[in-house]
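S.K.: What follows is final_3.cif, mmCIF, C-alpha atoms.
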data_target
#
loop_
_atom_site.group_PDB
_atom_site.id
_atom_site.type_symbol
_atom_site.label_atom_id
_atom_site.label_comp_id
_atom_site.auth_asym_id
_atom_site.auth_seq_id
_atom_site.Cartn_x
_atom_site.Cartn_y
_atom_site.Cartn_z
ATOM 1 C CA MET A 200 4.861 -8.989 -17.335
ATOM 2 C CA ALA A 201 1.435 -10.487 -16.678
ATOM 3 C CA GLN A 202 -0.925 -8.765 -14.273
ATOM 4 C CA ILE A 203 -0.755 -10.030 -10.696
ATOM 5 C CA GLU A 204 -3.876 -11.964 -9.734
ATOM 6 C CA ARG A 205 -2.750 -14.835 -7.464
ATOM 7 C CA VAL A 206 -0.838 -13.980 -4.304
ATOM 8 C CA GLY A 207 0.889 -16.193 -1.769
ATOM 9 C CA PHE A 208 0.984 -14.465 1.624
ATOM 10 C CA VAL A 209 2.978 -15.602 4.661
ATOM 11 C CA GLY A 210 2.473 -14.074 8.114
ATOM 12 C CA LEU A 211 -0.972 -13.346 9.575
ATOM 13 C CA GLY A 212 0.053 -11.519 12.751
ATOM 14 C CA ILE A 213 -0.926 -8.100 14.109
ATOM 15 C CA MET A 214 0.051 -6.452 10.823
ATOM 16 C CA GLY A 215 -0.037 -9.281 8.313
ATOM 17 C CA GLY A 216 -3.608 -10.344 8.986
ATOM 18 C CA PRO A 217 -5.173 -6.965 8.165
ATOM 19 C CA MET A 218 -2.847 -6.503 5.190
ATOM 20 C CA ALA A 219 -3.909 -9.852 3.735
ATOM 21 C CA ARG A 220 -7.572 -8.953 4.307
ATOM 22 C CA ASN A 221 -7.120 -5.768 2.293
ATOM 23 C CA LEU A 222 -5.509 -7.690 -0.550
ATOM 24 C CA HIS A 223 -8.510 -10.012 -0.591
ATOM 25 C CA ALA A 224 -10.895 -7.041 -0.547
ATOM 26 C CA ALA A 225 -9.045 -5.593 -3.551
ATOM 27 C CA GLY A 226 -9.796 -8.745 -5.520
ATOM 28 C CA PHE A 227 -6.557 -10.694 -5.295
ATOM 29 C CA GLU A 228 -6.772 -14.481 -5.030
ATOM 30 C CA LEU A 229 -4.924 -15.461 -1.855
ATOM 31 C CA SER A 230 -3.121 -18.532 -0.608
ATOM 32 C CA VAL A 231 -2.037 -17.954 2.991
ATOM 33 C CA TYR A 232 0.406 -19.626 5.339
ATOM 34 C CA THR A 233 1.298 -18.981 8.952
ATOM 35 C CA ARG A 234 2.933 -21.158 11.589
ATOM 36 C CA THR A 235 -0.381 -21.600 13.408
ATOM 37 C CA THR A 236 -2.418 -23.821 11.122
ATOM 38 C CA GLU A 237 -5.700 -22.897 12.792
ATOM 39 C CA LYS A 238 -5.104 -19.205 12.152
ATOM 40 C CA ALA A 239 -4.527 -19.780 8.437
ATOM 41 C CA GLU A 240 -7.590 -21.994 8.189
ATOM 42 C CA ARG A 241 -9.729 -19.453 10.039
ATOM 43 C CA PHE A 242 -8.540 -16.645 7.751
ATOM 44 C CA ALA A 243 -9.219 -18.787 4.684
ATOM 45 C CA ALA A 244 -12.734 -19.635 5.848
ATOM 46 C CA GLU A 245 -13.566 -16.005 6.608
ATOM 47 C CA HIS A 246 -12.133 -14.511 3.421
ATOM 48 C CA GLY A 247 -12.421 -17.152 0.750
ATOM 49 C CA ALA A 248 -8.681 -17.749 0.618
ATOM 50 C CA ARG A 249 -6.803 -21.016 0.461
ATOM 51 C CA ALA A 250 -4.944 -22.176 3.591
ATOM 52 C CA ALA A 251 -1.553 -23.581 2.639
ATOM 53 C CA ALA A 252 0.180 -26.253 4.712
ATOM 54 C CA THR A 253 3.679 -24.991 3.825
ATOM 55 C CA PRO A 254 5.292 -21.876 2.311
ATOM 56 C CA ALA A 255 5.947 -23.919 -0.845
ATOM 57 C CA GLU A 256 2.236 -24.663 -1.154
ATOM 58 C CA ALA A 257 1.425 -20.969 -0.718
ATOM 59 C CA ALA A 258 3.901 -20.105 -3.486
ATOM 60 C CA ALA A 259 2.685 -22.695 -5.980
ATOM 61 C CA GLY A 260 0.940 -20.945 -8.866
ATOM 62 C CA ALA A 261 1.414 -17.465 -7.353
ATOM 63 C CA ASP A 262 2.097 -14.410 -9.484
ATOM 64 C CA ALA A 263 3.480 -12.680 -6.375
ATOM 65 C CA PHE A 264 4.668 -14.001 -3.026
ATOM 66 C CA ILE A 265 4.613 -11.733 0.056
ATOM 67 C CA THR A 266 6.322 -12.268 3.406
ATOM 68 C CA MET A 267 5.335 -10.346 6.547
ATOM 69 C CA VAL A 268 7.353 -11.912 9.380
ATOM 70 C CA PRO A 269 9.529 -10.568 12.239
ATOM 71 C CA ASP A 270 13.038 -10.497 10.732
ATOM 72 C CA ALA A 271 15.454 -11.837 8.121
ATOM 73 C CA PRO A 272 15.931 -15.312 9.676
ATOM 74 C CA GLN A 273 12.181 -15.912 9.371
ATOM 75 C CA VAL A 274 12.151 -14.602 5.781
ATOM 76 C CA GLU A 275 15.027 -16.971 4.947
ATOM 77 C CA GLU A 276 13.229 -19.903 6.573
ATOM 78 C CA VAL A 277 10.057 -19.187 4.607
ATOM 79 C CA LEU A 278 11.916 -18.894 1.313
ATOM 80 C CA PHE A 279 14.770 -21.370 1.638
ATOM 81 C CA GLY A 280 13.968 -23.720 4.531
ATOM 82 C CA ASP A 281 12.277 -27.107 4.429
ATOM 83 C CA SER A 282 9.261 -26.774 2.124
ATOM 84 C CA GLY A 283 10.476 -23.248 1.356
ATOM 85 C CA ALA A 284 8.714 -21.077 -1.183
ATOM 86 C CA ALA A 285 11.662 -20.224 -3.429
ATOM 87 C CA ALA A 286 11.849 -23.635 -5.070
ATOM 88 C CA ALA A 287 8.089 -23.655 -5.731
ATOM 89 C CA LEU A 288 7.746 -20.185 -7.258
ATOM 90 C CA PRO A 289 6.585 -20.177 -10.866
ATOM 91 C CA GLU A 290 8.816 -18.598 -13.482
ATOM 92 C CA GLY A 291 8.409 -14.830 -13.433
ATOM 93 C CA ALA A 292 6.846 -14.672 -9.968
ATOM 94 C CA LEU A 293 7.562 -11.527 -7.967
ATOM 95 C CA VAL A 294 8.829 -11.785 -4.376
ATOM 96 C CA VAL A 295 7.919 -8.966 -1.967
ATOM 97 C CA ASP A 296 9.235 -8.875 1.601
ATOM 98 C CA MET A 297 7.213 -6.501 3.759
ATOM 99 C CA SER A 298 9.027 -7.419 6.981
ATOM 100 C CA THR A 299 11.489 -5.008 8.571
ATOM 101 C CA THR A 300 14.993 -6.445 8.215
ATOM 102 C CA SER A 301 18.449 -4.982 7.736
ATOM 103 C CA PRO A 302 19.550 -3.610 4.348
ATOM 104 C CA THR A 303 22.447 -6.071 4.355
ATOM 105 C CA ALA A 304 20.122 -9.028 4.875
ATOM 106 C CA SER A 305 17.651 -7.767 2.276
ATOM 107 C CA ARG A 306 20.283 -7.573 -0.430
ATOM 108 C CA ALA A 307 21.554 -11.055 0.458
ATOM 109 C CA ILE A 308 18.050 -12.539 0.253
ATOM 110 C CA ALA A 309 17.491 -10.865 -3.123
ATOM 111 C CA GLU A 310 20.649 -12.518 -4.458
ATOM 112 C CA ARG A 311 19.468 -15.927 -3.296
ATOM 113 C CA VAL A 312 15.975 -15.561 -4.726
ATOM 114 C CA ALA A 313 17.222 -14.515 -8.204
ATOM 115 C CA PRO A 314 16.253 -14.700 -11.013
ATOM 116 C CA HIS A 315 12.896 -13.760 -9.468
ATOM 117 C CA ASP A 316 12.342 -10.029 -9.089
ATOM 118 C CA TYR A 317 12.543 -8.950 -5.456
ATOM 119 C CA VAL A 318 11.178 -5.860 -3.734
ATOM 120 C CA GLU A 319 11.612 -4.925 -0.074
ATOM 121 C CA ALA A 320 8.635 -3.010 1.270
ATOM 122 C CA PRO A 321 8.635 -2.525 5.055
ATOM 123 C CA VAL A 322 5.647 -0.639 6.399
ATOM 124 C CA SER A 323 4.800 1.956 9.022
ATOM 125 C CA GLY A 324 1.522 2.806 10.705
ATOM 126 C CA SER A 325 0.867 -0.051 13.123
ATOM 127 C CA LYS A 326 -2.345 -2.036 13.376
ATOM 128 C CA PRO A 327 -4.962 0.723 12.802
ATOM 129 C CA LYS A 328 -3.454 1.758 9.469
ATOM 130 C CA ALA A 329 -2.933 -1.872 8.481
ATOM 131 C CA GLU A 330 -6.653 -2.405 9.086
ATOM 132 C CA ASP A 331 -7.866 0.563 7.056
ATOM 133 C CA GLY A 332 -5.288 0.183 4.266
ATOM 134 C CA THR A 333 -3.462 3.458 4.896
ATOM 135 C CA LEU A 334 0.028 2.187 5.697
ATOM 136 C CA THR A 335 3.184 4.008 4.673
ATOM 137 C CA ILE A 336 5.240 1.676 2.477
ATOM 138 C CA PHE A 337 9.010 2.079 2.087
ATOM 139 C CA ALA A 338 9.840 0.286 -1.174
ATOM 140 C CA GLY A 339 13.361 -0.613 -2.264
ATOM 141 C CA GLY A 340 14.286 -2.372 -5.480
ATOM 142 C CA GLU A 341 14.468 -1.939 -9.223
ATOM 143 C CA ARG A 342 11.840 0.433 -10.630
ATOM 144 C CA PRO A 343 10.211 -2.179 -12.953
ATOM 145 C CA ALA A 344 9.783 -4.590 -10.016
ATOM 146 C CA PHE A 345 8.315 -1.792 -7.899
ATOM 147 C CA GLU A 346 5.861 -0.945 -10.677
ATOM 148 C CA ARG A 347 4.755 -4.577 -10.833
ATOM 149 C CA ALA A 348 4.166 -4.582 -7.071
ATOM 150 C CA LEU A 349 2.371 -1.235 -7.002
ATOM 151 C CA PRO A 350 -1.196 -2.633 -7.299
ATOM 152 C CA LEU A 351 -0.478 -4.769 -4.233
ATOM 153 C CA PHE A 352 0.852 -1.787 -2.325
ATOM 154 C CA GLU A 353 -2.140 0.347 -3.298
ATOM 155 C CA ALA A 354 -4.431 -2.234 -1.685
ATOM 156 C CA MET A 355 -2.542 -1.987 1.610
ATOM 157 C CA GLY A 356 -1.104 1.509 1.815
ATOM 158 C CA GLU A 357 -1.792 5.190 1.323
ATOM 159 C CA ARG A 358 1.700 6.691 1.205
ATOM 160 C CA ILE A 359 3.792 4.511 -1.104
ATOM 161 C CA VAL A 360 7.343 5.662 -1.760
ATOM 162 C CA HIS A 361 9.957 4.075 -3.982
ATOM 163 C CA VAL A 362 12.892 5.047 -1.777
ATOM 164 C CA GLY A 363 15.578 3.683 -4.094
ATOM 165 C CA PRO A 364 17.511 0.481 -4.799
ATOM 166 C CA LEU A 365 17.483 -2.587 -2.573
ATOM 167 C CA GLY A 366 18.514 -1.701 0.948
ATOM 168 C CA HIS A 367 17.263 1.861 0.815
ATOM 169 C CA GLY A 368 13.707 0.984 1.781
ATOM 170 C CA GLN A 369 14.907 -0.992 4.788
ATOM 171 C CA MET A 370 17.393 1.711 5.783
ATOM 172 C CA ALA A 371 14.704 4.405 5.684
ATOM 173 C CA LYS A 372 12.360 2.236 7.740
ATOM 174 C CA LEU A 373 15.017 1.443 10.355
ATOM 175 C CA LEU A 374 15.982 5.084 10.729
ATOM 176 C CA THR A 375 12.399 6.254 11.168
ATOM 177 C CA ASN A 376 11.635 3.474 13.653
ATOM 178 C CA THR A 377 14.757 4.357 15.586
ATOM 179 C CA MET A 378 13.693 7.997 15.689
ATOM 180 C CA GLY A 379 10.420 6.811 17.196
ATOM 181 C CA ALA A 380 12.249 4.558 19.647
ATOM 182 C CA VAL A 381 14.400 7.445 20.899
ATOM 183 C CA ASN A 382 11.316 9.658 21.147
ATOM 184 C CA ALA A 383 9.532 7.014 23.232
ATOM 185 C CA ALA A 384 12.577 6.634 25.469
ATOM 186 C CA VAL A 385 12.804 10.335 26.291
ATOM 187 C CA LEU A 386 9.033 10.392 26.803
ATOM 188 C CA ALA A 387 9.427 7.546 29.304
ATOM 189 C CA GLU A 388 12.042 9.550 31.196
ATOM 190 C CA ALA A 389 9.775 12.603 31.202
ATOM 191 C CA VAL A 390 6.825 10.584 32.487
ATOM 192 C CA ARG A 391 9.003 8.953 35.141
ATOM 193 C CA THR A 392 10.076 12.405 36.351
ATOM 194 C CA ALA A 393 6.558 13.873 36.146
ATOM 195 C CA LYS A 394 5.194 11.026 38.269
ATOM 196 C CA ALA A 395 8.002 11.403 40.812
ATOM 197 C CA ALA A 396 7.155 15.091 41.063
ATOM 198 C CA GLY A 397 3.482 14.306 41.606
ATOM 199 C CA LEU A 398 2.185 15.944 38.432
ATOM 200 C CA ASP A 399 -1.375 15.199 37.409
ATOM 201 C CA LYS A 400 -1.361 12.864 34.425
ATOM 202 C CA ASP A 401 -4.093 14.579 32.409
ATOM 203 C CA ALA A 402 -2.761 18.068 33.075
ATOM 204 C CA PHE A 403 0.767 17.113 32.070
ATOM 205 C CA LEU A 404 -0.285 15.349 28.894
ATOM 206 C CA GLU A 405 -2.528 18.270 27.900
ATOM 207 C CA VAL A 406 0.136 20.947 28.276
ATOM 208 C CA ALA A 407 2.811 18.715 26.710
ATOM 209 C CA ALA A 408 0.593 18.236 23.660
ATOM 210 C CA GLY A 409 0.641 22.011 23.114
ATOM 211 C CA SER A 410 4.363 22.405 23.661
ATOM 212 C CA ALA A 411 7.643 21.870 21.853
ATOM 213 C CA GLY A 412 7.551 18.316 23.190
ATOM 214 C CA ALA A 413 4.360 17.433 21.337
ATOM 215 C CA SER A 414 4.560 14.346 19.138
ATOM 216 C CA ALA A 415 2.622 11.355 17.887
ATOM 217 C CA MET A 416 4.541 9.302 20.446
ATOM 218 C CA LEU A 417 3.287 11.531 23.271
ATOM 219 C CA ASN A 418 -0.295 11.050 22.110
ATOM 220 C CA LEU A 419 0.043 7.293 21.711
ATOM 221 C CA LYS A 420 2.262 6.284 24.611
ATOM 222 C CA GLY A 421 2.030 9.005 27.271
ATOM 223 C CA GLY A 422 -1.118 7.567 28.859
ATOM 224 C CA PRO A 423 0.036 3.926 28.884
ATOM 225 C CA MET A 424 3.361 4.964 30.432
ATOM 226 C CA PHE A 425 1.624 6.911 33.207
ATOM 227 C CA GLU A 426 -0.659 3.961 33.861
ATOM 228 C CA GLU A 427 2.079 1.355 33.320
ATOM 229 C CA THR A 428 -0.173 -0.696 31.048
ATOM 230 C CA TYR A 429 1.495 -2.294 28.050
ATOM 231 C CA GLU A 430 -1.037 -4.407 26.161
ATOM 232 C CA PRO A 431 0.711 -5.326 22.879
ATOM 233 C CA VAL A 432 -1.913 -3.972 20.511
ATOM 234 C CA LEU A 433 0.411 -2.057 18.180
ATOM 235 C CA PHE A 434 4.113 -2.918 18.167
ATOM 236 C CA LYS A 435 5.989 -5.207 20.513
ATOM 237 C CA LEU A 436 9.008 -3.984 22.453
ATOM 238 C CA GLU A 437 11.159 -6.858 21.168
ATOM 239 C CA HIS A 438 10.531 -5.716 17.601
ATOM 240 C CA MET A 439 11.488 -2.121 18.396
ATOM 241 C CA LEU A 440 14.651 -3.351 20.085
ATOM 242 C CA LYS A 441 15.472 -5.448 17.017
ATOM 243 C CA ASP A 442 15.070 -2.442 14.730
ATOM 244 C CA VAL A 443 17.252 -0.198 16.894
ATOM 245 C CA ARG A 444 19.975 -2.848 16.928
ATOM 246 C CA HIS A 445 19.812 -3.217 13.145
ATOM 247 C CA THR A 446 20.130 0.561 12.823
ATOM 248 C CA LEU A 447 23.178 0.656 15.081
ATOM 249 C CA ASP A 448 24.828 -2.169 13.124
ATOM 250 C CA GLU A 449 24.138 -0.602 9.734
ATOM 251 C CA ALA A 450 25.397 2.803 10.916
ATOM 252 C CA ARG A 451 28.622 1.240 12.236
ATOM 253 C CA ALA A 452 29.153 -0.381 8.848
ATOM 254 C CA LEU A 453 29.038 3.161 7.433
ATOM 255 C CA GLY A 454 31.554 4.364 10.011
ATOM 256 C CA ILE A 455 28.968 6.161 12.152
ATOM 257 C CA GLU A 456 28.418 5.650 15.890
ATOM 258 C CA LEU A 457 24.897 6.732 16.793
ATOM 259 C CA GLN A 458 24.823 8.185 20.301
ATOM 260 C CA LEU A 459 21.151 8.572 21.248
ATOM 261 C CA PRO A 460 19.996 5.292 19.676
ATOM 262 C CA ALA A 461 22.758 3.516 21.599
ATOM 263 C CA LEU A 462 21.408 4.927 24.867
ATOM 264 C CA ALA A 463 17.851 3.996 23.904
ATOM 265 C CA GLU A 464 18.959 0.454 23.040
ATOM 266 C CA GLY A 465 20.009 0.035 26.662
ATOM 267 C CA PHE A 466 16.583 1.124 27.913
ATOM 268 C CA TYR A 467 14.773 -1.309 25.621
ATOM 269 C CA ALA A 468 17.176 -4.124 26.442
ATOM 270 C CA ARG A 469 16.643 -3.658 30.190
ATOM 271 C CA ALA A 470 12.874 -3.679 29.732
ATOM 272 C CA ALA A 471 13.097 -6.823 27.591
ATOM 273 C CA ASP A 472 15.302 -8.554 30.151
ATOM 274 C CA ALA A 473 12.716 -7.701 32.812
ATOM 275 C CA GLY A 474 10.053 -9.663 30.959
ATOM 276 C CA HIS A 475 8.507 -7.001 28.713
ATOM 277 C CA ALA A 476 9.786 -8.237 25.335
ATOM 278 C CA GLU A 477 6.301 -9.210 24.144
ATOM 279 C CA ASP A 478 4.592 -6.147 25.624
ATOM 280 C CA ASP A 479 3.895 -2.959 23.698
ATOM 281 C CA PHE A 480 7.047 -0.864 23.313
ATOM 282 C CA ALA A 481 5.586 1.679 25.766
ATOM 283 C CA ALA A 482 7.121 -0.734 28.278
ATOM 284 C CA VAL A 483 10.450 0.984 27.595
ATOM 285 C CA TYR A 484 9.248 2.933 30.643
ATOM 286 C CA GLU A 485 10.325 -0.092 32.688
ATOM 287 C CA GLY A 486 13.905 0.283 31.498
ATOM 288 C CA VAL A 487 14.560 4.003 31.776
ATOM 289 C CA ASP A 488 15.748 4.249 35.375
ATOM 290 C CA GLY A 489 17.256 0.869 36.164
ATOM 291 C CA ARG A 490 14.192 -0.485 37.998
ATOM 292 C CA ALA A 491 14.054 -3.379 35.524
ATOM 293 C CA LEU A 492 17.382 -4.612 36.894
ATOM 294 C CA GLU A 493 16.303 -4.626 40.521
#
Before we go any further, please render this structure as C-alpha cells.
M.R.:
Amino acid sequence: MAQIERVGFVGLGIMGGPMARNLHAAGFELSVYTRTTEKAERFAAEHGARAAATPAEAAAGADAFITMVPDAPQVEEVLFGDSGAAAALPEGALVVDMSTTSPTASRAIAERVAPHDYVEAPVSGSKPKAEDGTLTIFAGGERPAFERALPLFEAMGERIVHVGPLGHGQMAKLLTNTMGAVNAAVLAEAVRTAKAAGLDKDAFLEVAAGSAGASAMLNLKGGPMFEETYEPVLFKLEHMLKDVRHTLDEARALGIELQLPALAEGFYARAADAGHAEDDFAAVYEGVDGRALE
C-alpha cells in the first residue's frame, strides 16, 4: 500500500486537538472537521491544515481518515450520516477510530466501512500526554492494517500496542478505564471519610502516597476531591461513566457480572444526575455518599 501522507481528522476536543497538532508536526497533510466550524478554521489557520465543512470533505483525497469523538453513535454519524465520510473515501483509504467505544460497536462499524481497512485505536494518557505525543495506544485490527497505521500512531503515542483483532483494543481500553474509575471511587470514599474525621489534607495525601494505597489516581485526584474543584481539564465524568457502562455490558455478554464496577457506576451516575456530567471525573466525590441525591 502507498505511504500515508494525507489525513482526514475529525474531532478537535481536549484530546483530538493536540493529537492532530502532533500529526501536523510529524509532516502529515491534514484536513480537519469538527462540529464547531470556528474551531476547525482556527486550527487550520494555526497549523496550515485545511478546514473541511463536512466529514465527507475531510475524507476526500485522504490516505487515512481518523475519528476522535465521544462514542460509537458519533463515529457512525461521521462515517455514515449526512455528508458522511465513508462514501467519500478514496479506494484503499485506511479508517482509524481513536475514540473509546464498545468492542461490539467497533466490529459493527468495521463491517459497514468495508472494504476499507479499519483499525480501532483508543488512547490513554489524558490531555498532557496527548499534547506531548506520549499517549498509550490500544490498537485492534488486522496486523497489515495496524502496520499501515503505525506511522500515525508514532506521531501521537509512545506506548503503542497491537492488542489483537478488532474488539480487543476497545476491550483492553474499557477494562483499564474501569479499573481507574473504581480506583477513583474508592479514593473519593477515603477522602470523604478523611474530611469527616478532620484529617489535614496535605498530611493525608503525603502518607497515602507512601502507602499501599498509593496510585496515579491518588496523585491526580486526591487534591481536587479534598478541595471539591472539578475543572474538566483531563477527562469528563460523563465519559468515564460511559466507559464503565460499556464495560459492564460487554462483561455481561461474556456471562460475567462485575461487582465493583457496578457499585462505581452508581457513584458516577449519581454525580452526573447532580449536574457534574461535564466536570472532571474527580466529581465522582459528589456521588459517593448520596449527597448528590439530596
S.K.: Please list as a list in words every residue within 7 Å of region 322-330 of chain A, counting only C-alpha atoms and excluding residues in the same chain fewer than 3 positions away.
M.R.: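 Final neighbour list, sorted by chain and number: Ile213, Met214, Pro217, Met218, Met297, Thr333, Leu334, Thr335, Ile336, Phe337, Met355, Leu433 and Phe434 of chain A.
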S.K.: Applied to the shown file, which residues does the PyMOL selection byres ((chain A and resi 386) around 10) return, written as a PyMOL selection string?
M.R.: chain A and resi 380-385+387-392+412+414+416-417+420-421+424+481+483-484+487
S.K.: For the PyMOL selection byres ((chain A and resi 470) around 12), applied here, can you spell out every residue it catches as a PyMOL selection string?
M.R.: chain A and resi 384+387+429+435-437+439-440+463-469+471-493
S.K.: If I take CA of Met378 (chain A) and CA of Gly332 (chain A), how far is one from the other in Å, to one decimal?
M.R.: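 Atom-to-atom, CA of Met378 (chain A) to CA of Gly332 (chain A), that is 23.5 Å.
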S.K.: Using only C-alpha atoms for the distances, tell me which of A:Val231, A:Val209, A:Ala219, A:Met370 is nearest to Asp442 (chain A).
M.R.: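 When distances to Asp442 (chain A) are compared using only C-alpha atoms, the smallest one comes from A:Met370.
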S.K.: For region 359-366 of chain A, list every protein, DNA or RNA residue within 10 Å, evaluated using all atoms listed in the file, and leave out those in the same chain fewer than 3 positions away; present the list as a VMD selection string.
M.R.: chain A and resid 300 to 307 309 317 to 320 322 333 to 342 345 to 346 349 352 to 353 355 to 356 369 to 372
S.K.: Pull out region 252-279 of chain A, keep C-alpha atoms, and write it as a compact mmCIF listing (two decimals), in the first residue's frame.
M.R.:
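Output (part_7.txt):
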# COMPACT_ATOMS: atom_id res chain seq x y z
CA ALA A 252 -17.11 21.84 6.03
CA THR A 253 -18.26 18.21 6.34
CA PRO A 254 -16.77 14.80 7.22
CA ALA A 255 -17.05 13.88 3.52
CA GLU A 256 -14.92 16.88 2.59
CA ALA A 257 -12.33 15.89 5.20
CA ALA A 258 -12.22 12.37 3.74
CA ALA A 259 -11.90 13.42 0.10
CA GLY A 260 -8.41 12.57 -1.15
CA ALA A 261 -7.27 11.20 2.24
CA ASP A 262 -4.93 8.24 2.54
CA ALA A 263 -6.16 7.77 6.12
CA PHE A 264 -9.22 9.03 7.97
CA ILE A 265 -9.16 9.35 11.78
CA THR A 266 -12.08 9.84 14.15
CA MET A 267 -11.64 11.06 17.73
CA VAL A 268 -15.18 11.59 19.08
CA PRO A 269 -17.05 10.59 22.27
CA ASP A 270 -18.66 7.25 21.35
CA ALA A 271 -19.93 4.92 18.63
CA PRO A 272 -23.04 6.96 17.69
CA GLN A 273 -20.79 9.92 16.85
CA VAL A 274 -18.40 7.69 14.88
CA GLU A 275 -21.37 6.31 12.92
CA GLU A 276 -22.68 9.82 12.24
CA VAL A 277 -19.29 10.96 10.97
CA LEU A 278 -18.89 7.94 8.70
CA PHE A 279 -22.42 7.16 7.58
